[in-house]
Amino acid sequence: MFLISKREFGEIEMGDRAGVLEVKLIEARGLKDMDFAVKMNTYVVIEYGNQKQTSCVAKGKGTKPVWNETFKLKAEYPGGEDHKYMLHFRIMNTHKILEHDVFVGQSTIYVKDLIASGMDTGKAELRSAKYRVVIQDKTYAGEICVALSFSINQ
């Protein structure tokens with residue numbers, strides 16, 4: 001084991017090899033409208049392992065939100081069980097009347113191959129692609145557009 005010190009991540013203890021998983025959250029289209037009175041104000045909660053980051057709110061964008069935000073997450077390889085390589089996107093709608101935000105849908109991307117490739121070559125990327133959004137009843141409604149890259153720590 002070795003210790004990696006990065007200002008943006010603080011000091012973390014990593015296993016074999018570590019790197020940065022960069023997530024570019026671009027937009028979504030065709031989401032199910034969960035706010036019938038006004039246009040939805042959506043945001044995305046991104047989860048990878050025990051890390052969680054939240055996007056800004058796309059105010060008044062309804063079923064076609066645009067975020068254009070980039071997030072950096074710590075990743076290591078090998079990281080253990082396959083479920084640890086799941087990158088989850090939970091789309092939420094802010095709600096002024098209810099006491100809680102409303103679940104719109106979710107999408108999951110398996111990133112083990114991307115990270116493994118990045119470990120071999122130093123950097124790997126997946127250009128922007130659309131991923132289906134699963135809603136509460138386990139059917140599909142819309143797509144989320146995301147680009148990914150992974151680079152190893154030097």
# chains A, B, ... in the order shown; residues from 1 in each chain; ligands from 1
$ residues_around --residues "region 53-57 of chain A" --least-positions-apart "6" --cutoff "8 Å" --atoms "only C-alpha atoms" --output "PyMOL selection string"
chain A and resi 41-47+67+69+71
$ residues_around --residues "region 19-31 of chain A" --least-positions-apart "6" --cutoff "7 Å" --atoms "only C-alpha atoms" --output "list in words"
Thr63, Lys64, Pro65, Val66, Trp67, Asn68, Glu69, Thr70, Phe71, Lys72, Leu73, Lys74, Ala75, Glu76, Ala141, Gly142, Glu143, Ile144, Cys145, Val146, Ala147, Leu148, Ser149, Phe150, Ser151, Ile152 and Asn153 of chain A
$ residues_around --residues "Asp33 (chain A)" --least-positions-apart "3" --cutoff "9 Å" --atoms "only C-alpha atoms" --output "list in words"
Gly30, Phe36, Lys39, Met40, Gly62, Thr63 and Val104 of chain A
$ write_last_selection --atoms "C-alpha atoms" --output "mmCIF file, in the first residue's frame"
data_model
loop_
_atom_site.group_PDB
_atom_site.id
_atom_site.type_symbol
_atom_site.label_atom_id
_atom_site.label_comp_id
_atom_site.auth_asym_id
_atom_site.auth_seq_id
_atom_site.Cartn_x
_atom_site.Cartn_y
_atom_site.Cartn_z
ATOM 1 C CA GLY A 30 -37.440 12.757 -22.522
ATOM 2 C CA PHE A 36 -47.484 18.900 -13.580
ATOM 3 C CA LYS A 39 -41.555 22.867 -15.328
ATOM 4 C CA MET A 40 -39.343 20.554 -13.306
ATOM 5 C CA GLY A 62 -38.544 20.523 -17.386
ATOM 6 C CA THR A 63 -38.008 17.198 -19.164
ATOM 7 C CA VAL A 104 -37.480 11.242 -11.415
#
$ select_by_dssp --residues "chain A" --states "strand (DSSP E or B)" --output "CSV table (one decimal) with N, CA, C and O atoms, in the first residue's frame"
chain,number,residue,atom,x,y,z
A,2,PHE,N,0.4,2.3,-0.6
A,2,PHE,CA,1.1,3.6,-0.6
A,2,PHE,C,0.1,4.7,-0.4
A,2,PHE,O,-1.1,4.5,-0.6
A,3,LEU,N,0.6,5.8,0.0
A,3,LEU,CA,-0.3,7.0,0.3
A,3,LEU,C,-0.2,8.0,-0.9
A,3,LEU,O,0.9,8.3,-1.3
A,4,ILE,N,-1.3,8.4,-1.4
A,4,ILE,CA,-1.3,9.4,-2.4
A,4,ILE,C,-1.9,10.7,-1.9
A,4,ILE,O,-2.9,10.7,-1.2
A,5,SER,N,-1.2,11.8,-2.1
A,5,SER,CA,-1.7,13.1,-1.6
A,5,SER,C,-2.1,14.0,-2.8
A,5,SER,O,-1.2,14.3,-3.6
A,6,LYS,N,-3.3,14.3,-2.9
A,6,LYS,CA,-3.8,15.2,-3.9
A,6,LYS,C,-4.6,16.3,-3.3
A,6,LYS,O,-5.4,16.0,-2.4
A,10,GLY,N,-7.6,15.5,-0.9
A,10,GLY,CA,-7.1,15.3,0.5
A,10,GLY,C,-6.2,14.0,0.5
A,10,GLY,O,-5.9,13.5,-0.6
A,11,GLU,N,-5.8,13.6,1.6
A,11,GLU,CA,-5.0,12.4,1.7
A,11,GLU,C,-5.9,11.2,1.8
A,11,GLU,O,-6.7,11.1,2.6
A,12,ILE,N,-5.6,10.2,0.9
A,12,ILE,CA,-6.4,9.0,0.9
A,12,ILE,C,-5.4,7.8,0.8
A,12,ILE,O,-4.3,7.9,0.2
A,13,GLU,N,-5.8,6.7,1.4
A,13,GLU,CA,-5.0,5.5,1.4
A,13,GLU,C,-5.6,4.7,0.3
A,13,GLU,O,-6.8,4.4,0.3
A,14,MET,N,-4.8,4.3,-0.7
A,14,MET,CA,-5.3,3.5,-1.8
A,14,MET,C,-4.6,2.1,-1.8
A,14,MET,O,-3.5,1.9,-1.3
A,17,ARG,N,-3.4,0.5,-7.4
A,17,ARG,CA,-3.2,1.6,-8.2
A,17,ARG,C,-4.4,2.5,-8.1
A,17,ARG,O,-5.5,2.0,-8.1
A,18,ALA,N,-4.2,3.8,-8.2
A,18,ALA,CA,-5.3,4.7,-8.0
A,18,ALA,C,-5.3,5.7,-9.2
A,18,ALA,O,-4.3,6.0,-9.8
A,19,GLY,N,-6.5,6.3,-9.4
A,19,GLY,CA,-6.7,7.3,-10.4
A,19,GLY,C,-7.9,8.2,-10.2
A,19,GLY,O,-8.5,8.1,-9.2
A,20,VAL,N,-8.2,9.0,-11.2
A,20,VAL,CA,-9.3,9.9,-11.1
A,20,VAL,C,-10.3,9.5,-12.2
A,20,VAL,O,-10.0,9.4,-13.4
A,21,LEU,N,-11.6,9.3,-11.8
A,21,LEU,CA,-12.7,9.1,-12.7
A,21,LEU,C,-13.4,10.4,-12.9
A,21,LEU,O,-13.9,11.0,-11.9
A,22,GLU,N,-13.3,10.9,-14.1
A,22,GLU,CA,-13.9,12.2,-14.4
A,22,GLU,C,-15.2,12.0,-15.1
A,22,GLU,O,-15.3,11.3,-16.1
A,23,VAL,N,-16.3,12.6,-14.6
A,23,VAL,CA,-17.6,12.4,-15.1
A,23,VAL,C,-18.1,13.8,-15.6
A,23,VAL,O,-18.2,14.7,-14.8
A,24,LYS,N,-18.5,13.8,-16.9
A,24,LYS,CA,-19.1,15.0,-17.4
A,24,LYS,C,-20.5,14.8,-17.6
A,24,LYS,O,-21.0,14.0,-18.4
A,25,LEU,N,-21.3,15.4,-16.8
A,25,LEU,CA,-22.8,15.3,-16.8
A,25,LEU,C,-23.3,16.4,-17.8
A,25,LEU,O,-23.1,17.6,-17.5
A,26,ILE,N,-23.8,16.0,-18.9
A,26,ILE,CA,-24.2,16.9,-20.0
A,26,ILE,C,-25.6,17.3,-19.9
A,26,ILE,O,-25.9,18.5,-19.7
A,27,GLU,N,-26.5,16.4,-20.2
A,27,GLU,CA,-28.0,16.7,-20.2
A,27,GLU,C,-28.8,15.5,-20.1
A,27,GLU,O,-28.3,14.4,-20.1
A,28,ALA,N,-30.1,15.7,-20.1
A,28,ALA,CA,-31.1,14.6,-20.2
A,28,ALA,C,-32.2,15.0,-21.1
A,28,ALA,O,-32.5,16.2,-21.3
A,29,ARG,N,-32.9,14.0,-21.7
A,29,ARG,CA,-34.0,14.3,-22.6
A,29,ARG,C,-35.1,13.2,-22.4
A,29,ARG,O,-34.8,12.1,-22.1
A,42,THR,N,-34.6,20.0,-12.1
A,42,THR,CA,-33.9,18.8,-11.8
A,42,THR,C,-32.5,18.9,-11.4
A,42,THR,O,-31.8,19.9,-11.9
A,43,TYR,N,-32.0,18.0,-10.6
A,43,TYR,CA,-30.5,17.9,-10.3
A,43,TYR,C,-30.2,16.4,-10.3
A,43,TYR,O,-31.1,15.5,-10.3
A,44,VAL,N,-28.9,16.1,-10.3
A,44,VAL,CA,-28.5,14.7,-10.3
A,44,VAL,C,-27.6,14.4,-9.1
A,44,VAL,O,-26.6,15.2,-8.9
A,45,VAL,N,-27.8,13.3,-8.5
A,45,VAL,CA,-26.9,12.8,-7.4
A,45,VAL,C,-26.1,11.7,-8.0
A,45,VAL,O,-26.6,10.7,-8.5
A,46,ILE,N,-24.8,11.9,-8.0
A,46,ILE,CA,-23.8,10.9,-8.6
A,46,ILE,C,-23.2,10.2,-7.5
A,46,ILE,O,-22.6,10.8,-6.6
A,47,GLU,N,-23.2,8.8,-7.6
A,47,GLU,CA,-22.6,8.0,-6.5
A,47,GLU,C,-21.7,7.0,-7.1
A,47,GLU,O,-22.0,6.3,-8.1
A,48,TYR,N,-20.5,6.9,-6.5
A,48,TYR,CA,-19.5,5.9,-6.9
A,48,TYR,C,-18.9,5.4,-5.6
A,48,TYR,O,-18.2,6.1,-4.9
A,51,GLN,N,-18.6,7.6,-2.4
A,51,GLN,CA,-18.5,9.0,-2.8
A,51,GLN,C,-19.9,9.4,-3.3
A,51,GLN,O,-20.5,8.7,-4.1
A,52,LYS,N,-20.2,10.6,-3.0
A,52,LYS,CA,-21.5,11.2,-3.5
A,52,LYS,C,-21.3,12.7,-3.9
A,52,LYS,O,-20.7,13.4,-3.1
A,53,GLN,N,-21.7,13.1,-5.1
A,53,GLN,CA,-21.6,14.4,-5.5
A,53,GLN,C,-23.0,14.8,-6.1
A,53,GLN,O,-23.7,14.0,-6.7
A,54,THR,N,-23.3,16.1,-6.0
A,54,THR,CA,-24.6,16.6,-6.5
A,54,THR,C,-24.4,17.7,-7.5
A,54,THR,O,-23.6,18.6,-7.3
A,58,ALA,N,-31.1,22.4,-12.6
A,58,ALA,CA,-31.4,22.9,-13.9
A,58,ALA,C,-32.8,23.5,-13.8
A,58,ALA,O,-33.8,22.9,-14.0
A,66,VAL,N,-30.3,20.7,-18.8
A,66,VAL,CA,-28.9,20.7,-19.3
A,66,VAL,C,-28.1,21.2,-18.0
A,66,VAL,O,-28.4,22.1,-17.4
A,67,TRP,N,-27.0,20.4,-17.8
A,67,TRP,CA,-26.1,20.7,-16.6
A,67,TRP,C,-24.7,21.1,-17.1
A,67,TRP,O,-24.2,22.1,-16.5
A,68,ASN,N,-24.1,20.4,-18.0
A,68,ASN,CA,-22.7,20.7,-18.4
A,68,ASN,C,-21.8,20.9,-17.2
A,68,ASN,O,-21.1,21.9,-17.1
A,69,GLU,N,-21.7,19.9,-16.4
A,69,GLU,CA,-20.9,20.0,-15.2
A,69,GLU,C,-19.9,18.8,-15.2
A,69,GLU,O,-20.2,17.7,-15.7
A,70,THR,N,-18.7,19.0,-14.6
A,70,THR,CA,-17.7,17.9,-14.5
A,70,THR,C,-17.4,17.6,-13.0
A,70,THR,O,-17.3,18.5,-12.2
A,71,PHE,N,-17.4,16.3,-12.7
A,71,PHE,CA,-17.1,15.9,-11.4
A,71,PHE,C,-15.9,14.9,-11.4
A,71,PHE,O,-15.7,14.2,-12.4
A,72,LYS,N,-15.1,15.0,-10.3
A,72,LYS,CA,-13.9,14.1,-10.2
A,72,LYS,C,-14.1,13.2,-9.0
A,72,LYS,O,-14.4,13.6,-7.9
A,73,LEU,N,-13.9,11.9,-9.2
A,73,LEU,CA,-14.1,10.9,-8.2
A,73,LEU,C,-12.8,10.0,-8.1
A,73,LEU,O,-12.1,9.8,-9.1
A,74,LYS,N,-12.5,9.6,-6.9
A,74,LYS,CA,-11.4,8.7,-6.7
A,74,LYS,C,-11.8,7.3,-7.1
A,74,LYS,O,-12.9,6.8,-6.9
A,75,ALA,N,-10.8,6.6,-7.8
A,75,ALA,CA,-11.1,5.2,-8.2
A,75,ALA,C,-9.8,4.5,-8.1
A,75,ALA,O,-8.7,5.0,-8.3
A,76,GLU,N,-9.9,3.2,-7.8
A,76,GLU,CA,-8.7,2.3,-7.7
A,76,GLU,C,-9.0,1.0,-8.4
A,76,GLU,O,-10.1,0.6,-8.6
A,77,TYR,N,-7.9,0.4,-8.8
A,77,TYR,CA,-8.0,-0.9,-9.6
A,77,TYR,C,-6.9,-1.8,-9.2
A,77,TYR,O,-5.7,-1.3,-9.1
A,86,MET,N,-19.8,0.4,-10.1
A,86,MET,CA,-21.1,0.9,-10.6
A,86,MET,C,-21.1,2.4,-10.3
A,86,MET,O,-20.9,2.9,-9.2
A,87,LEU,N,-21.4,3.2,-11.4
A,87,LEU,CA,-21.5,4.7,-11.3
A,87,LEU,C,-23.0,4.9,-11.4
A,87,LEU,O,-23.6,4.7,-12.4
A,88,HIS,N,-23.6,5.5,-10.3
A,88,HIS,CA,-25.1,5.7,-10.3
A,88,HIS,C,-25.4,7.1,-10.5
A,88,HIS,O,-24.8,8.0,-9.9
A,89,PHE,N,-26.4,7.4,-11.3
A,89,PHE,CA,-27.0,8.7,-11.5
A,89,PHE,C,-28.4,8.7,-11.0
A,89,PHE,O,-29.2,8.0,-11.6
A,90,ARG,N,-28.8,9.5,-10.0
A,90,ARG,CA,-30.2,9.5,-9.5
A,90,ARG,C,-30.7,10.9,-9.8
A,90,ARG,O,-30.2,11.9,-9.3
A,91,ILE,N,-31.7,11.0,-10.7
A,91,ILE,CA,-32.2,12.3,-11.1
A,91,ILE,C,-33.4,12.7,-10.2
A,91,ILE,O,-34.3,11.8,-10.0
A,92,MET,N,-33.3,13.9,-9.6
A,92,MET,CA,-34.3,14.3,-8.7
A,92,MET,C,-34.9,15.6,-9.1
A,92,MET,O,-34.3,16.4,-9.8
A,93,ASN,N,-36.1,15.9,-8.7
A,93,ASN,CA,-36.8,17.2,-8.9
A,93,ASN,C,-37.0,17.9,-7.6
A,93,ASN,O,-37.6,17.3,-6.7
A,102,VAL,N,-38.4,14.9,-5.3
A,102,VAL,CA,-39.1,13.8,-5.9
A,102,VAL,C,-38.2,13.1,-6.9
A,102,VAL,O,-37.5,13.7,-7.7
A,103,PHE,N,-38.2,11.7,-6.7
A,103,PHE,CA,-37.4,10.9,-7.6
A,103,PHE,C,-37.9,10.9,-9.0
A,103,PHE,O,-39.1,10.7,-9.2
A,104,VAL,N,-37.1,11.2,-10.0
A,104,VAL,CA,-37.5,11.2,-11.4
A,104,VAL,C,-37.1,10.0,-12.1
A,104,VAL,O,-37.9,9.3,-12.8
A,105,GLY,N,-35.8,9.5,-11.9
A,105,GLY,CA,-35.3,8.3,-12.5
A,105,GLY,C,-33.9,8.1,-12.2
A,105,GLY,O,-33.2,8.9,-11.5
A,106,GLN,N,-33.3,7.0,-12.7
A,106,GLN,CA,-31.9,6.7,-12.4
A,106,GLN,C,-31.3,5.9,-13.6
A,106,GLN,O,-32.0,5.3,-14.4
A,107,SER,N,-30.0,6.0,-13.6
A,107,SER,CA,-29.2,5.3,-14.6
A,107,SER,C,-27.9,4.8,-14.0
A,107,SER,O,-27.4,5.5,-13.1
A,108,THR,N,-27.4,3.7,-14.4
A,108,THR,CA,-26.2,3.1,-13.9
A,108,THR,C,-25.2,2.7,-15.0
A,108,THR,O,-25.6,2.2,-16.0
A,109,ILE,N,-24.0,3.1,-14.8
A,109,ILE,CA,-22.9,2.8,-15.8
A,109,ILE,C,-21.9,1.9,-15.1
A,109,ILE,O,-21.4,2.3,-14.0
A,110,TYR,N,-21.5,0.8,-15.8
A,110,TYR,CA,-20.5,-0.1,-15.3
A,110,TYR,C,-19.1,0.4,-15.8
A,110,TYR,O,-19.0,0.5,-17.0
A,123,LYS,N,-4.5,6.5,-19.6
A,123,LYS,CA,-5.8,7.3,-19.7
A,123,LYS,C,-6.7,6.6,-20.6
A,123,LYS,O,-6.3,6.0,-21.6
A,124,ALA,N,-8.0,6.6,-20.3
A,124,ALA,CA,-9.0,6.0,-21.1
A,124,ALA,C,-10.3,6.9,-21.0
A,124,ALA,O,-10.5,7.5,-20.0
A,125,GLU,N,-11.0,6.9,-22.1
A,125,GLU,CA,-12.2,7.8,-22.1
A,125,GLU,C,-13.4,7.2,-22.9
A,125,GLU,O,-13.1,6.4,-23.8
A,126,LEU,N,-14.6,7.5,-22.5
A,126,LEU,CA,-15.8,7.2,-23.2
A,126,LEU,C,-16.4,8.5,-23.6
A,126,LEU,O,-16.7,9.3,-22.7
A,127,ARG,N,-16.5,8.8,-24.9
A,127,ARG,CA,-17.1,10.0,-25.4
A,127,ARG,C,-18.5,10.1,-24.9
A,127,ARG,O,-19.1,9.1,-24.5
A,128,SER,N,-19.1,11.2,-25.1
A,128,SER,CA,-20.5,11.4,-24.6
A,128,SER,C,-21.4,10.4,-25.2
A,128,SER,O,-21.3,10.1,-26.4
A,129,ALA,N,-22.2,9.8,-24.4
A,129,ALA,CA,-23.2,8.7,-24.8
A,129,ALA,C,-24.4,8.9,-24.0
A,129,ALA,O,-24.4,9.5,-22.9
A,130,LYS,N,-25.5,8.3,-24.6
A,130,LYS,CA,-26.8,8.4,-23.9
A,130,LYS,C,-27.1,7.1,-23.2
A,130,LYS,O,-26.9,6.0,-23.8
A,131,TYR,N,-27.6,7.2,-22.0
A,131,TYR,CA,-27.9,6.0,-21.2
A,131,TYR,C,-29.4,6.1,-20.8
A,131,TYR,O,-29.8,7.2,-20.4
A,132,ARG,N,-30.1,5.0,-20.8
A,132,ARG,CA,-31.5,5.0,-20.5
A,132,ARG,C,-31.8,5.3,-19.1
A,132,ARG,O,-31.0,4.9,-18.2
A,133,VAL,N,-32.8,6.0,-18.8
A,133,VAL,CA,-33.2,6.3,-17.4
A,133,VAL,C,-34.4,5.4,-17.0
A,133,VAL,O,-35.4,5.3,-17.7
A,134,VAL,N,-34.2,4.8,-15.9
A,134,VAL,CA,-35.2,3.8,-15.3
A,134,VAL,C,-36.0,4.6,-14.3
A,134,VAL,O,-35.5,5.3,-13.4
A,140,TYR,N,-38.5,2.4,-18.7
A,140,TYR,CA,-37.6,3.4,-19.2
A,140,TYR,C,-38.4,4.7,-19.6
A,140,TYR,O,-39.5,4.6,-20.1
A,141,ALA,N,-37.8,5.8,-19.3
A,141,ALA,CA,-38.4,7.1,-19.6
A,141,ALA,C,-37.3,8.1,-19.8
A,141,ALA,O,-36.8,8.7,-18.8
A,142,GLY,N,-36.8,8.3,-21.0
A,142,GLY,CA,-35.8,9.3,-21.3
A,142,GLY,C,-34.4,8.7,-21.2
A,142,GLY,O,-34.1,7.6,-21.1
A,143,GLU,N,-33.4,9.7,-21.5
A,143,GLU,CA,-32.0,9.4,-21.5
A,143,GLU,C,-31.2,10.4,-20.8
A,143,GLU,O,-31.6,11.6,-20.8
A,144,ILE,N,-30.1,10.0,-20.3
A,144,ILE,CA,-29.1,11.0,-19.7
A,144,ILE,C,-27.8,10.9,-20.5
A,144,ILE,O,-27.4,9.8,-20.9
A,145,CYS,N,-27.2,12.0,-20.8
A,145,CYS,CA,-26.0,12.0,-21.6
A,145,CYS,C,-24.8,12.3,-20.7
A,145,CYS,O,-24.8,13.3,-20.0
A,146,VAL,N,-23.8,11.5,-20.8
A,146,VAL,CA,-22.7,11.5,-19.9
A,146,VAL,C,-21.4,11.2,-20.7
A,146,VAL,O,-21.4,10.3,-21.6
A,147,ALA,N,-20.3,11.8,-20.4
A,147,ALA,CA,-19.0,11.5,-20.9
A,147,ALA,C,-18.1,11.1,-19.7
A,147,ALA,O,-18.2,11.7,-18.7
A,148,LEU,N,-17.2,10.1,-19.9
A,148,LEU,CA,-16.4,9.6,-18.8
A,148,LEU,C,-14.9,9.5,-19.3
A,148,LEU,O,-14.6,9.2,-20.4
A,149,SER,N,-14.0,9.7,-18.3
A,149,SER,CA,-12.6,9.5,-18.6
A,149,SER,C,-12.0,9.0,-17.2
A,149,SER,O,-12.5,9.3,-16.2
A,150,PHE,N,-10.9,8.3,-17.4
A,150,PHE,CA,-10.1,7.8,-16.2
A,150,PHE,C,-8.7,8.0,-16.5
A,150,PHE,O,-8.2,7.7,-17.6
A,151,SER,N,-7.9,8.6,-15.6
A,151,SER,CA,-6.5,8.7,-15.7
A,151,SER,C,-5.8,8.3,-14.4
A,151,SER,O,-6.4,8.5,-13.3
A,152,ILE,N,-4.7,7.7,-14.5
A,152,ILE,CA,-4.0,7.2,-13.3
A,152,ILE,C,-3.2,8.3,-12.6
A,152,ILE,O,-2.8,9.3,-13.3
$ atom_distance --atom1 "CA of Lys61 (chain A)" --atom2 "CA of Thr139 (chain A)"
22.4 Å
$ atom_distance --atom1 "CA of Lys32 (chain A)" --atom2 "CA of His100 (chain A)"
18.0 Å
$ select_by_dssp --residues "chain A" --states "alpha helix (DSSP H)" --output "ChimeraX atom specification"
/A:112-121
$ write_last_selection --atoms "N, CA, C and O atoms" --output "short mmCIF file (atom, residue, chain, number, x, y, z; two decimals), in the first residue's frame"
data_model
loop_
_atom_site.label_atom_id
_atom_site.label_comp_id
_atom_site.auth_asym_id
_atom_site.auth_seq_id
_atom_site.Cartn_x
_atom_site.Cartn_y
_atom_site.Cartn_z
N LYS A 112 -15.82 -0.66 -14.87
CA LYS A 112 -14.63 -1.48 -14.61
C LYS A 112 -13.73 -1.55 -15.83
O LYS A 112 -12.50 -1.41 -15.72
N ASP A 113 -14.29 -1.74 -17.03
CA ASP A 113 -13.47 -1.85 -18.23
C ASP A 113 -12.75 -0.53 -18.54
O ASP A 113 -11.60 -0.53 -18.98
N LEU A 114 -13.42 0.59 -18.33
CA LEU A 114 -12.81 1.89 -18.54
C LEU A 114 -11.62 2.08 -17.61
O LEU A 114 -10.53 2.50 -18.04
N ILE A 115 -11.78 1.75 -16.34
CA ILE A 115 -10.71 1.91 -15.36
C ILE A 115 -9.55 0.95 -15.67
O ILE A 115 -8.39 1.34 -15.63
N ALA A 116 -9.86 -0.29 -16.02
CA ALA A 116 -8.82 -1.26 -16.35
C ALA A 116 -8.01 -0.80 -17.56
O ALA A 116 -6.78 -0.88 -17.58
N SER A 117 -8.69 -0.29 -18.57
CA SER A 117 -8.02 0.23 -19.77
C SER A 117 -7.14 1.42 -19.42
O SER A 117 -6.01 1.54 -19.90
N GLY A 118 -7.64 2.31 -18.56
CA GLY A 118 -6.85 3.46 -18.13
C GLY A 118 -5.63 3.06 -17.34
O GLY A 118 -4.58 3.71 -17.43
N MET A 119 -5.73 2.00 -16.57
CA MET A 119 -4.57 1.51 -15.82
C MET A 119 -3.49 1.00 -16.77
O MET A 119 -2.31 1.15 -16.51
N ASP A 120 -3.90 0.38 -17.87
CA ASP A 120 -2.94 -0.15 -18.85
C ASP A 120 -2.27 0.94 -19.66
O ASP A 120 -1.08 0.86 -19.95
N THR A 121 -3.04 1.97 -20.07
CA THR A 121 -2.53 2.97 -21.01
C THR A 121 -2.25 4.33 -20.38
O THR A 121 -1.72 5.21 -21.05
#
$ atom_distance --atom1 "CA of Lys84 (chain A)" --atom2 "CA of Gly49 (chain A)"
5.7 Å
$ closest_residue --among "A:Glu99, A:Gly60, A:Tyr85, A:Asp137" --to "Val38 (chain A)" --atoms "only C-alpha atoms"
A:Gly60
